[in-house]
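**Q** Quick one: structure below, then a few questions.
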Amino acid sequence: MTLSTDRADARLAWARSVLAAPDLTLEPASADASFRSYWRTQLDGTSWIVMDSPPALEDPKPWLAIGERLAVAGLHVPAVRATDMTQGFLLIEDLGTRLYLSELHADNVDALYGDAMDALLRMQLHMDHSELPPFDRDVLSRGLEVMPEWFLGRHLGHTPDRNEQAVLTAAFELIIQNALEQPRCFVHRDFHSRNLLIVPDNNPGVIDFQGALSGPISYDLASLLRDGYIAWPREKVEAWAESYRLRLRDAGLITAEVDRTRFLRWFDLTGLHRHTRVLGQFYRLWYRDGKPGYLADVPRIYEYVVSVARSYPALADFVALLERHARGRDLTRVTTA
């Protein structure tokens, strides 16, 4: 037997035991970019999810602790029925299959994003972030360094020379300083259309929150509105961001001195941090981890990076560096070297 077969057998046996259903079966529900996986089962007309979170690889305790706090704050997160912390199995509420990503369109996006921004404001108002790991300079820097290593180096086969490294260092410092100057709050880190589900009450359902940090106030807003999996016209995105700035101001989470221009810079450059990191991370998922499912989204991520960076003269050399080496390349086609 292989390790994966042993794991599958243990998972099924545990689910049958906690639901007292010896004939129960499990079907894949979803997987994510980590070692965690999700399995769906039906019993007496109710659908359940078994979360498989191997403790040595993906400790389930942060998911449980943060999920409990989010529920208290009024967010719709999966309720937990049973846990086995030794094996890393959790039986949780099934929030369904209606991901924002598959349901968003021009006629409903304002309403659905309105619900998501309502949920985001509740998180930022009511979630204590003081004991969460900080989204500090070290975390910010390590995130950015993924791009030169895996996009420029591994995928494009280019090692930056001394001048190019200076360009990257200057650009990264600008992005990091932008994040550090913002007010701190609870940061989900992946608050986007693949982690939000349409549910009949208290929409949206929120998942994949276990990596939360204490970080910049515009981070989750940028994750939502400049989603790596779906794009909207820039003028709509900036209008949504401005409406949320006013809500933050009215809630006392930012001061009146944070005007539209300053907040848009926070939003733009925080999103640029995220997308620069993801540009490297999606290639790392393929070359290191053998997960090709994110490659189709790379052109969108790349376009976010260069289009936003072009708006800031201090990042002109950064844009030129990326375009010089990516021009004419199929970003979805992996290399074999």
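Convention: chains lettered A, B, ... in structure tokens order; per-chain residue numbering from 1; ligands numbered from 1 as shown.
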Could you give me, as a ChimeraX atom specification, each residue of stretch 97-196 of chain A that DSSP assigns to strand (DSSP E or B) when run on this structure's backbone?

**A** /A:99,134,184-187,196

**Q** Restricted to C-alpha atoms, what would the selected residues look like written as an mmCIF file, in the first residue's frame?

**A**
data_model
loop_
_atom_site.group_PDB
_atom_site.id
_atom_site.type_symbol
_atom_site.label_atom_id
_atom_site.label_comp_id
_atom_site.auth_asym_id
_atom_site.auth_seq_id
_atom_site.Cartn_x
_atom_site.Cartn_y
_atom_site.Cartn_z
ATOM 1 C CA LEU A 99 -17.988 29.730 -5.831
ATOM 2 C CA PRO A 134 2.721 40.006 11.713
ATOM 3 C CA ARG A 184 -2.827 47.080 10.792
ATOM 4 C CA CYS A 185 -5.854 44.803 10.846
ATOM 5 C CA PHE A 186 -6.896 41.167 10.467
ATOM 6 C CA VAL A 187 -5.809 39.972 7.003
ATOM 7 C CA LEU A 196 -15.982 32.960 -1.298
#

**Q** With a distance cut-off of 10 Å and only C-alpha atoms, select the neighbouring residues of A:Arg226, excluding the residue or stretch itself and same-chain residues fewer than 5 positions from it, and output the selection as an MDAnalysis selection string.

**A** chainID A and resid 192 220:221 231:234 237:238 267:268 271:272 274:275 300:301 304

**Q** Closest to A:Asn202 among A:Asp52, A:Thr261, A:Arg98, A:Val77, using only C-alpha atoms?

**A**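 Smallest distance to A:Asn202 is found for A:Val77.
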
**Q** Per residue of stretch 21-125 of chain A within 10 Å of stretch 239-245 of chain A, which atom pair is closest and at what distance in Å (one decimal), using only C-alpha atoms, listed by chain and increasing number, as CSV?

**A**
residue,atom,partner,partner_atom,distance
A:Asp110,CA,A:Trp240,CA,8.7
A:Tyr113,CA,A:Trp240,CA,8.6
A:Gly114,CA,A:Trp240,CA,8.9
A:Met117,CA,A:Tyr244,CA,7.5
A:Asp118,CA,A:Tyr244,CA,9.4
A:Leu120,CA,A:Tyr244,CA,9.8
A:Leu121,CA,A:Tyr244,CA,8.6

**Q** If you keep N, CA, C and O atoms, can you produce a file of those selected residues as a PDB file, in the first residue's frame?

**A**
ATOM      1  N   ASP A 110     -21.917  43.826  -8.562  1.00  0.00           N
ATOM      2  CA  ASP A 110     -22.029  44.868  -7.538  1.00  0.00           C
ATOM      3  C   ASP A 110     -22.655  44.306  -6.262  1.00  0.00           C
ATOM      4  O   ASP A 110     -22.200  44.602  -5.149  1.00  0.00           O
ATOM      5  N   TYR A 113     -20.079  41.614  -4.691  1.00  0.00           N
ATOM      6  CA  TYR A 113     -18.948  42.292  -4.075  1.00  0.00           C
ATOM      7  C   TYR A 113     -19.401  43.147  -2.896  1.00  0.00           C
ATOM      8  O   TYR A 113     -18.647  43.332  -1.930  1.00  0.00           O
ATOM      9  N   GLY A 114     -20.631  43.658  -2.974  1.00  0.00           N
ATOM     10  CA  GLY A 114     -21.165  44.385  -1.825  1.00  0.00           C
ATOM     11  C   GLY A 114     -21.241  43.492  -0.600  1.00  0.00           C
ATOM     12  O   GLY A 114     -20.847  43.892   0.505  1.00  0.00           O
ATOM     13  N   MET A 117     -17.687  42.878   0.642  1.00  0.00           N
ATOM     14  CA  MET A 117     -17.106  44.017   1.351  1.00  0.00           C
ATOM     15  C   MET A 117     -17.774  44.230   2.701  1.00  0.00           C
ATOM     16  O   MET A 117     -17.128  44.684   3.657  1.00  0.00           O
ATOM     17  N   ASP A 118     -19.053  43.875   2.821  1.00  0.00           N
ATOM     18  CA  ASP A 118     -19.692  43.876   4.140  1.00  0.00           C
ATOM     19  C   ASP A 118     -18.973  42.909   5.078  1.00  0.00           C
ATOM     20  O   ASP A 118     -18.691  43.230   6.241  1.00  0.00           O
ATOM     21  N   LEU A 120     -15.936  41.765   4.769  1.00  0.00           N
ATOM     22  CA  LEU A 120     -14.573  42.253   5.002  1.00  0.00           C
ATOM     23  C   LEU A 120     -14.554  43.323   6.085  1.00  0.00           C
ATOM     24  O   LEU A 120     -13.688  43.311   6.977  1.00  0.00           O
ATOM     25  N   LEU A 121     -15.513  44.235   6.044  1.00  0.00           N
ATOM     26  CA  LEU A 121     -15.553  45.276   7.062  1.00  0.00           C
ATOM     27  C   LEU A 121     -15.809  44.678   8.451  1.00  0.00           C
ATOM     28  O   LEU A 121     -15.214  45.112   9.439  1.00  0.00           O
TER      29      LEU A 121
END

**Q** Any idea what's packed within 9 Å of stretch 62-76 of chain A, counting only C-alpha atoms, ignoring anything in its chain fewer than 6 positions away? Could you give it as a PDB file with C-alpha atoms, in the first residue's frame?

**A**
ATOM      1  CA  ALA A 119     -18.009  40.706   5.386  1.00  0.00           C
ATOM      2  CA  LEU A 120     -14.573  42.253   5.002  1.00  0.00           C
ATOM      3  CA  ARG A 122     -16.893  42.997   9.819  1.00  0.00           C
ATOM      4  CA  MET A 123     -13.578  41.150   9.848  1.00  0.00           C
ATOM      5  CA  LEU A 125     -13.809  45.854  12.718  1.00  0.00           C
ATOM      6  CA  HIS A 126     -14.314  42.869  14.989  1.00  0.00           C
ATOM      7  CA  MET A 127     -11.377  40.474  14.572  1.00  0.00           C
ATOM      8  CA  ASP A 128      -8.611  40.950  17.135  1.00  0.00           C
ATOM      9  CA  VAL A 199     -24.858  30.863   0.386  1.00  0.00           C
ATOM     10  CA  ASP A 201     -27.974  33.338   4.368  1.00  0.00           C
ATOM     11  CA  ASN A 202     -25.242  35.645   5.611  1.00  0.00           C
ATOM     12  CA  ASN A 203     -23.550  35.650   2.215  1.00  0.00           C
ATOM     13  CA  PRO A 204     -20.747  34.992   1.435  1.00  0.00           C
ATOM     14  CA  GLY A 205     -19.443  31.760   2.848  1.00  0.00           C
ATOM     15  CA  VAL A 206     -15.758  32.281   3.641  1.00  0.00           C
ATOM     16  CA  ILE A 207     -13.103  29.554   3.502  1.00  0.00           C
ATOM     17  CA  ASP A 208      -9.301  29.115   3.476  1.00  0.00           C
ATOM     18  CA  PHE A 209      -8.639  31.589   6.273  1.00  0.00           C
ATOM     19  CA  GLN A 210      -6.050  29.615   8.237  1.00  0.00           C
ATOM     20  CA  GLY A 211      -3.110  31.732   7.043  1.00  0.00           C
ATOM     21  CA  ALA A 212      -4.427  34.982   8.513  1.00  0.00           C
TER      22      ALA A 212
END

**Q** Please list as a PDB file with all heavy atoms, in the first residue's frame every residue within 9 Å of A:Ala309, counting only C-alpha atoms and excluding residues in the same chain fewer than 2 positions away.

**A**
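Now in around.pdb:
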ATOM      1  N   ASP A 268      -3.215  50.056  -4.731  1.00  0.00           N
ATOM      2  CA  ASP A 268      -2.461  49.649  -5.926  1.00  0.00           C
ATOM      3  C   ASP A 268      -1.195  48.890  -5.558  1.00  0.00           C
ATOM      4  O   ASP A 268      -0.929  47.797  -6.086  1.00  0.00           O
ATOM      5  CB  ASP A 268      -2.070  50.886  -6.746  1.00  0.00           C
ATOM      6  CG  ASP A 268      -3.160  51.374  -7.672  1.00  0.00           C
ATOM      7  OD1 ASP A 268      -4.147  50.636  -7.892  1.00  0.00           O
ATOM      8  OD2 ASP A 268      -3.028  52.497  -8.195  1.00  0.00           O
ATOM      9  N   LEU A 269      -0.396  49.481  -4.691  1.00  0.00           N
ATOM     10  CA  LEU A 269       0.912  48.896  -4.411  1.00  0.00           C
ATOM     11  C   LEU A 269       0.818  47.664  -3.517  1.00  0.00           C
ATOM     12  O   LEU A 269       1.666  46.765  -3.586  1.00  0.00           O
ATOM     13  CB  LEU A 269       1.848  49.940  -3.808  1.00  0.00           C
ATOM     14  CG  LEU A 269       2.166  51.132  -4.720  1.00  0.00           C
ATOM     15  CD1 LEU A 269       3.216  52.036  -4.067  1.00  0.00           C
ATOM     16  CD2 LEU A 269       2.644  50.679  -6.090  1.00  0.00           C
ATOM     17  N   LEU A 272       0.008  45.131  -5.925  1.00  0.00           N
ATOM     18  CA  LEU A 272       1.222  44.828  -6.680  1.00  0.00           C
ATOM     19  C   LEU A 272       2.111  43.860  -5.902  1.00  0.00           C
ATOM     20  O   LEU A 272       2.741  42.969  -6.492  1.00  0.00           O
ATOM     21  CB  LEU A 272       1.966  46.120  -6.993  1.00  0.00           C
ATOM     22  CG  LEU A 272       3.209  46.000  -7.857  1.00  0.00           C
ATOM     23  CD1 LEU A 272       2.887  45.357  -9.206  1.00  0.00           C
ATOM     24  CD2 LEU A 272       3.853  47.375  -8.061  1.00  0.00           C
ATOM     25  N   TYR A 304      -1.750  42.441 -14.410  1.00  0.00           N
ATOM     26  CA  TYR A 304      -1.952  43.247 -13.214  1.00  0.00           C
ATOM     27  C   TYR A 304      -0.639  43.924 -12.803  1.00  0.00           C
ATOM     28  O   TYR A 304      -0.601  45.114 -12.495  1.00  0.00           O
ATOM     29  CB  TYR A 304      -2.425  42.374 -12.049  1.00  0.00           C
ATOM     30  CG  TYR A 304      -3.900  42.093 -11.966  1.00  0.00           C
ATOM     31  CD1 TYR A 304      -4.358  40.829 -11.615  1.00  0.00           C
ATOM     32  CD2 TYR A 304      -4.849  43.086 -12.177  1.00  0.00           C
ATOM     33  CE1 TYR A 304      -5.716  40.545 -11.504  1.00  0.00           C
ATOM     34  CE2 TYR A 304      -6.208  42.827 -12.067  1.00  0.00           C
ATOM     35  CZ  TYR A 304      -6.633  41.553 -11.735  1.00  0.00           C
ATOM     36  OH  TYR A 304      -7.974  41.290 -11.622  1.00  0.00           O
ATOM     37  N   VAL A 305       0.429  43.149 -12.773  1.00  0.00           N
ATOM     38  CA  VAL A 305       1.714  43.677 -12.314  1.00  0.00           C
ATOM     39  C   VAL A 305       2.165  44.839 -13.185  1.00  0.00           C
ATOM     40  O   VAL A 305       2.474  45.933 -12.696  1.00  0.00           O
ATOM     41  CB  VAL A 305       2.784  42.562 -12.277  1.00  0.00           C
ATOM     42  CG1 VAL A 305       4.171  43.155 -12.024  1.00  0.00           C
ATOM     43  CG2 VAL A 305       2.457  41.530 -11.203  1.00  0.00           C
ATOM     44  N   VAL A 306       2.219  44.616 -14.488  1.00  0.00           N
ATOM     45  CA  VAL A 306       2.774  45.670 -15.348  1.00  0.00           C
ATOM     46  C   VAL A 306       1.827  46.861 -15.483  1.00  0.00           C
ATOM     47  O   VAL A 306       2.271  48.013 -15.537  1.00  0.00           O
ATOM     48  CB  VAL A 306       3.175  45.108 -16.733  1.00  0.00           C
ATOM     49  CG1 VAL A 306       4.285  44.068 -16.582  1.00  0.00           C
ATOM     50  CG2 VAL A 306       1.998  44.534 -17.478  1.00  0.00           C
ATOM     51  N   SER A 307       0.515  46.617 -15.525  1.00  0.00           N
ATOM     52  CA  SER A 307      -0.417  47.732 -15.712  1.00  0.00           C
ATOM     53  C   SER A 307      -0.462  48.629 -14.493  1.00  0.00           C
ATOM     54  O   SER A 307      -0.511  49.869 -14.611  1.00  0.00           O
ATOM     55  CB  SER A 307      -1.812  47.219 -16.066  1.00  0.00           C
ATOM     56  OG  SER A 307      -2.374  46.467 -15.009  1.00  0.00           O
ATOM     57  N   SER A 311       1.580  52.885 -13.656  1.00  0.00           N
ATOM     58  CA  SER A 311       0.944  54.093 -13.135  1.00  0.00           C
ATOM     59  C   SER A 311       1.848  54.868 -12.186  1.00  0.00           C
ATOM     60  O   SER A 311       1.503  55.989 -11.784  1.00  0.00           O
ATOM     61  CB  SER A 311      -0.357  53.730 -12.401  1.00  0.00           C
ATOM     62  OG  SER A 311      -1.260  53.067 -13.268  1.00  0.00           O
ATOM     63  N   TYR A 312       2.998  54.297 -11.818  1.00  0.00           N
ATOM     64  CA  TYR A 312       3.882  54.915 -10.835  1.00  0.00           C
ATOM     65  C   TYR A 312       5.264  55.096 -11.452  1.00  0.00           C
ATOM     66  O   TYR A 312       5.972  54.108 -11.697  1.00  0.00           O
ATOM     67  CB  TYR A 312       3.936  54.055  -9.573  1.00  0.00           C
ATOM     68  CG  TYR A 312       2.584  54.028  -8.881  1.00  0.00           C
ATOM     69  CD1 TYR A 312       1.611  53.082  -9.237  1.00  0.00           C
ATOM     70  CD2 TYR A 312       2.250  55.001  -7.945  1.00  0.00           C
ATOM     71  CE1 TYR A 312       0.353  53.088  -8.645  1.00  0.00           C
ATOM     72  CE2 TYR A 312       0.988  55.010  -7.343  1.00  0.00           C
ATOM     73  CZ  TYR A 312       0.053  54.064  -7.705  1.00  0.00           C
ATOM     74  OH  TYR A 312      -1.195  54.081  -7.119  1.00  0.00           O
ATOM     75  N   PRO A 313       5.652  56.344 -11.742  1.00  0.00           N
ATOM     76  CA  PRO A 313       6.936  56.591 -12.416  1.00  0.00           C
ATOM     77  C   PRO A 313       8.130  55.933 -11.734  1.00  0.00           C
ATOM     78  O   PRO A 313       9.077  55.514 -12.408  1.00  0.00           O
ATOM     79  CB  PRO A 313       7.045  58.121 -12.398  1.00  0.00           C
ATOM     80  CG  PRO A 313       5.620  58.591 -12.387  1.00  0.00           C
ATOM     81  CD  PRO A 313       4.882  57.587 -11.545  1.00  0.00           C
ATOM     82  N   ALA A 314       8.093  55.832 -10.415  1.00  0.00           N
ATOM     83  CA  ALA A 314       9.215  55.226  -9.696  1.00  0.00           C
ATOM     84  C   ALA A 314       9.389  53.752 -10.032  1.00  0.00           C
ATOM     85  O   ALA A 314      10.441  53.164  -9.730  1.00  0.00           O
ATOM     86  CB  ALA A 314       9.034  55.396  -8.192  1.00  0.00           C
ATOM     87  N   LEU A 315       8.382  53.144 -10.661  1.00  0.00           N
ATOM     88  CA  LEU A 315       8.454  51.721 -11.009  1.00  0.00           C
ATOM     89  C   LEU A 315       8.663  51.504 -12.503  1.00  0.00           C
ATOM     90  O   LEU A 315       8.547  50.371 -12.980  1.00  0.00           O
ATOM     91  CB  LEU A 315       7.174  51.019 -10.549  1.00  0.00           C
ATOM     92  CG  LEU A 315       6.974  50.958  -9.034  1.00  0.00           C
ATOM     93  CD1 LEU A 315       5.578  50.450  -8.693  1.00  0.00           C
ATOM     94  CD2 LEU A 315       8.034  50.074  -8.382  1.00  0.00           C
ATOM     95  N   ALA A 316       9.002  52.554 -13.238  1.00  0.00           N
ATOM     96  CA  ALA A 316       9.180  52.423 -14.694  1.00  0.00           C
ATOM     97  C   ALA A 316      10.283  51.429 -15.042  1.00  0.00           C
ATOM     98  O   ALA A 316      10.131  50.616 -15.969  1.00  0.00           O
ATOM     99  CB  ALA A 316       9.484  53.794 -15.299  1.00  0.00           C
ATOM    100  N   PHE A 318      11.281  48.927 -13.262  1.00  0.00           N
ATOM    101  CA  PHE A 318      10.790  47.593 -12.896  1.00  0.00           C
ATOM    102  C   PHE A 318       9.930  47.023 -14.019  1.00  0.00           C
ATOM    103  O   PHE A 318      10.101  45.870 -14.423  1.00  0.00           O
ATOM    104  CB  PHE A 318       9.993  47.710 -11.599  1.00  0.00           C
ATOM    105  CG  PHE A 318       9.326  46.453 -11.136  1.00  0.00           C
ATOM    106  CD1 PHE A 318      10.059  45.337 -10.773  1.00  0.00           C
ATOM    107  CD2 PHE A 318       7.938  46.383 -11.031  1.00  0.00           C
ATOM    108  CE1 PHE A 318       9.439  44.174 -10.313  1.00  0.00           C
ATOM    109  CE2 PHE A 318       7.304  45.235 -10.589  1.00  0.00           C
ATOM    110  CZ  PHE A 318       8.062  44.128 -10.228  1.00  0.00           C
ATOM    111  N   VAL A 319       9.008  47.837 -14.553  1.00  0.00           N
ATOM    112  CA  VAL A 319       8.176  47.398 -15.666  1.00  0.00           C
ATOM    113  C   VAL A 319       9.039  47.055 -16.866  1.00  0.00           C
ATOM    114  O   VAL A 319       8.853  46.016 -17.519  1.00  0.00           O
ATOM    115  CB  VAL A 319       7.146  48.481 -16.044  1.00  0.00           C
ATOM    116  CG1 VAL A 319       6.350  48.064 -17.273  1.00  0.00           C
ATOM    117  CG2 VAL A 319       6.202  48.756 -14.883  1.00  0.00           C
TER     118      VAL A 319
END

**Q** Leaving out A:Thr332 and any residue of its chain fewer than 3 positions from it, which residues lie within 10 Å of it when counting only C-alpha atoms, given as a list in words?

**A**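 The contact residues come out as Tyr283, Pro292, Tyr294, Leu295, Ala296, Asp297, Val298, Pro299, Arg329 and Thr335 of chain A.
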
**Q** Could you find all residues in stretch 233-323 of chain A that DSSP calls alpha helix (DSSP H) from the backbone, and write them as a ChimeraX atom specification?

**A** /A:234-250,260-287,298-309,316-323

**Q** Using only C-alpha atoms, can you tell me which of A:Glu93, A:Asp317, A:Glu257, A:Glu58 comes closest to A:Trp39?

**A**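 So, comparing all the options, the nearest one is A:Glu93.
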